[in-house]
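**Student:** I'd like to ask some things about the structure below.
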Amino acid sequence: MHLLDNESVAAGTRSAALAQASSVPGIPVAQPPSMDHLDELEAQSIYILREAFARLKKLALLWSLGKDSNVMIWLARKAFFGRVPFPALHVDTGKKFPEMYAFRDRFGKEWDLDLRVEPCPPIDAVDPTLPPAARSAARKTEGLKWALNKYGFDGLIAGIRRDEEATRAKERVFSPRGLEGEWDVRDQPPEFWDHFNASPPQGAHLRIHPILHWTEADIWAYTKREGIPIIPLYLAKDGKRYRSLGDQDITNPVASTASNIDEILAELDATKIPERAGRALDHETEDAFERLRVAGYL
Amino acid sequence: MNMILPTASISATPNGTTRPQVRIVIVGHVDHGKSTLVGRLLHETGSLPDGKLEMLKAVSARRGMPFEWSFLLDALQTERDQGITIDTTQIRFRTRSRDVVLIDAPGHAEFLRNMITGASQADGAVLIIDALEGVRSQTRRHGYLLHLLGVKQVAVVVNKMDRVDFSAARFNEISEEISAHLIGLGVTPTAVVPISARDGDGVAEHTPRIEWYKGPTVVEALDALEPAKPLAELPLRLPVQAIYKFDDRRIVAGRVESGSLKAGDEIVIMPTGKIAKIKTVESWPVTPVGGPQGAGRSVGITLDRELFLERGDIIGHSGQSPRDTRRIRARIFWLHDKPLTKGEQILIRLGTKESRATVVAIEKAIDPGALSNEENSAIARNHVGEIDISLAQPVATDPYTDNPRTGRLVIEVNGRIAGGGLVLSVDAGRPAVPIDIVPVESALRPDERSARYHHNGAVIWLTGLPGSGKSTLARALERRLFSNGGSPILLDGDTFRAGLNSDLGFSPQDRTENIRRLAEVATHLARNGHIAIVAAVSPSAADRAAARRIADSAFREIYVATPAEVCETRDPKGHYAKARAGALQGFTGIGNDYQPPAGNELTIDTSNRSVSDATDEIERMLATTGILFDELTDLAANI
């Protein structure tokens, strides 16, 4: 998925000749501004979003209201010149923080999103063999399945990142799901050179991951650069802040004094604690998270 | 409730984003120690999360097995059980001057597709070899694939030196063998490093046990690999991803793969060769933007004139445009279970272009893991080869030596990527007989036609059981569109079977070909501004999906979902009666499964509504999906 290529060395001789033939000697040619790391990430994500829009028929973007999916909406607005041309789907467990609902209600309007809020089934409807937090999170998987059936989406854009969690590191950018939404990690199709497998079998769907290659620090640096609004729970209050936002009952704040994005970035630079440390479901058993993901969790 | 709205400001990028980032893939034969090296590197560079090492050591102890460095990577339960790395995992750490993203790729031949997925993202590679086992098949295969994937910076590490008593002679032997192999592929190793990943020798420091070695350690070798550079020096290549008409702007969107562009540039659109000027470079939230946009940027441009262009076209500067061709020679790797053979129908993706194609010749077929080359008529799974491809439509491309970004392709089989490779040359292996296909373009532009007809071209595909009312609806729609000044043309499946398709029967293959021809003819009409109305049972979902691919964005599928029992009562052609009497084999509706559509634009049940009511609904669908329009501003919209 890299933007650039090593072949330039091999191709150099020929291309230099071409470039020279085209420029008039003595007249300086304006050079395009060089791209920094965030520019490269942004360009790549926009490319992925546009590919998804071109190749799938019925897309939705999963808006969890967190920092990652807010960046994703911002990138979609860049990709499509100010509008998000597909619904923003919030699969609502009903247990989010009040600040998150307020954020959704305000920016759903301000960003002119086609917002669809879909509920999750009650906890009793979920696999009772899962440990408590994973079981609670699995409601979201069920809610997602309901929404998929209701609307018939063939592509779901999700804001997961490789650096978040080991099983997510194994994801493809276009990731096929089975008829029940399940993920077959052992039989993922090859994906290279920004060519994506975009033909889900009838009745199945694809997950599209436009920010898979971003890191937590990238998200914050970009949020700051672009002036993307955030939920204040991410900033420290009384010595604690949330690094990752989920359901109220299974998300815990981490110790922090970071009261603005620069301080968050400085903190991330120093820390060795993983981002999802505050997510209870990641720590219940060795394989709880993987079991969730195989079943269709994000 | 207060929201935080940070003001956008340009400040120094934070730590971690200013240092050069380099992506490195670790490849090599299974069990030669890739994951162990990665685990050791993480430890040596102080990159492990607090407690991770202790946690894994505890898990190992609990399971009664000795701790291995590779456990750090094998995060998935299933993997630990099998003891091999299944998929590509990405790990980040820092060296003195670089941020390194390490891509661990599986060595097992079964998972070559994952190795390719990982390696294709890399700026450089580390090829690991077991000192005891030496160069093995997968070592050679990975070396070959690095070359095909365009990864030119390769550092070799000879691992498990502890197993050969740190013998300099053994090291030199392996070093010479692998260097010769790689140089033969046009890849010169940047370093060959003797190490013991398990004990740490040669990874981050020189130890007395390898005192005879004076070259760089692994960390130093990684530090020397360069991030890839954008292809700024090459001529402009902007493959078109889409044309957006969200408002009164008609924006051509894509990513600059090489060169740069700016407003005012004179451009040529390939493969059609049409000329235009860039009017503006569009952006968001600020638009338009001035100044040049360089390689790697995702951009949107508007043109100074309204002309037809589509996804898959490539925009270049006049005088430096890519080639247009229907014939390509490519060097490819093949990942599909079924070998690639001469005559095979495949789907080619070149940038954003998609084209059906035929393999007209297989020039070479090689197992890159074996020492000797085999000559074969087919390219087996995990093998490589050179093939000539004939494309169903002209495409724009470059030989990869001219432009590595636009000079590569992937091959799709049944909607799944099955291989990929480099464009060696265009127009290769053209038959000596001087018959060639030279498509003659229409003298009229699409916008001239749509100005007259008040609609864009379209393929309206009516599918449903025999007797469901397709032909009746098609005829009503034809009359309606014509009355409104449009140019509808009815393509009836049975009529075609009497003529153009009279050589076809009702086997699945013949049905597929029947649909393909209908779709090709209909698409040709649509491209020339007409509305082709196809009425065909078309029972196979796969065939209809193929028709949609041919007609692309012009395709509108209508499922005429009249219940089967109603269809049988109607039986306008007497087919049901015959089939019931056993005189008609393979008749869809009774003996043959009809697969109802899923992603169709419209569903109509004619058992409970009038023809004119149904026609109204089709018209509304055509209006809301951009086929019918009243306003002049829409004239230039693409089909």
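By order of appearance in the structure tokens: chains A, B, ..., then residues from 1 within every chain, and ligands from 1 in the order shown.
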With a distance cut-off of 7 Å and only C-alpha atoms, select the neighbouring residues of Ala547 in chain B, excluding the residue or stretch itself and same-chain residues fewer than 3 positions from it, and output the selection as a list in words.
**Tutor:**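 Counting only C-alpha atoms, the residues come to Ile515, Arg516, Ala519, Asp543, Arg544, Ile550 and Ala551 of chain B.
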**Student:** Next, dump the selected residues to file, keeping only N, CA and C atoms, as a PDB file, in the first residue's frame.
**Tutor:**
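Resulting contents of out-v5.pdb:
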ATOM      1  N   ILE B 515     -25.606 -13.679 -22.752  1.00  0.00           N
ATOM      2  CA  ILE B 515     -25.734 -12.461 -21.943  1.00  0.00           C
ATOM      3  C   ILE B 515     -24.592 -11.494 -22.231  1.00  0.00           C
ATOM      4  N   ARG B 516     -23.383 -12.053 -22.399  1.00  0.00           N
ATOM      5  CA  ARG B 516     -22.235 -11.183 -22.668  1.00  0.00           C
ATOM      6  C   ARG B 516     -22.455 -10.393 -23.960  1.00  0.00           C
ATOM      7  N   ALA B 519     -24.996  -7.733 -23.520  1.00  0.00           N
ATOM      8  CA  ALA B 519     -24.448  -6.623 -22.725  1.00  0.00           C
ATOM      9  C   ALA B 519     -23.493  -5.782 -23.560  1.00  0.00           C
ATOM     10  N   ASP B 543     -23.931 -14.001 -14.401  1.00  0.00           N
ATOM     11  CA  ASP B 543     -23.986 -13.442 -15.758  1.00  0.00           C
ATOM     12  C   ASP B 543     -24.440 -11.986 -15.727  1.00  0.00           C
ATOM     13  N   ARG B 544     -25.449 -11.706 -14.883  1.00  0.00           N
ATOM     14  CA  ARG B 544     -25.929 -10.323 -14.810  1.00  0.00           C
ATOM     15  C   ARG B 544     -24.860  -9.422 -14.196  1.00  0.00           C
ATOM     16  N   ILE B 550     -19.654  -4.878 -17.669  1.00  0.00           N
ATOM     17  CA  ILE B 550     -19.434  -4.398 -19.042  1.00  0.00           C
ATOM     18  C   ILE B 550     -20.038  -3.003 -19.197  1.00  0.00           C
ATOM     19  N   ALA B 551     -21.278  -2.847 -18.764  1.00  0.00           N
ATOM     20  CA  ALA B 551     -21.961  -1.562 -18.953  1.00  0.00           C
ATOM     21  C   ALA B 551     -21.557  -0.544 -17.899  1.00  0.00           C
TER      22      ALA B 551
END
**Student:** Gly159 in chain A: which residues within 9 Å, counting only C-alpha atoms, same-chain residues fewer than 2 positions away excluded, as a list of chain:residue names?
**Tutor:** A:Leu61, A:Leu62, A:Trp63, A:Ser64, A:Asp68, A:Ser69, A:Asn70, A:Val71, A:Met72, A:Ile157, A:Arg161, A:Ile208, A:His209, A:Pro210, A:Ile211, A:Leu212, A:Leu298
**Student:** Pick the closest to Tyr47 in chain A from A:Glu171, A:Arg162, A:Trp146, A:His195: which is it, counting only C-alpha atoms?
**Tutor:** A:His195
**Student:** Set the distance at 9 Å and use only C-alpha atoms: which residues neighbour Val126 in chain A once local chain neighbours fewer than 3 positions away are removed? I'd like the list as a list of chain:residue names.
**Tutor:**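 Returned residues: A:Pro121, A:Pro122, A:Ile123, A:Thr129, A:Leu130, A:Arg135, A:Ser136, A:Ala138, A:Arg139, A:Glu142.
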**Student:** Give me, as a PyMOL selection string, all polymer residues having an atom no more than 10 Å from Trp212 in chain B, counting only C-alpha atoms and skipping those fewer than 5 positions away in the same chain.
**Tutor:** chain B and resi 166-168+206-207
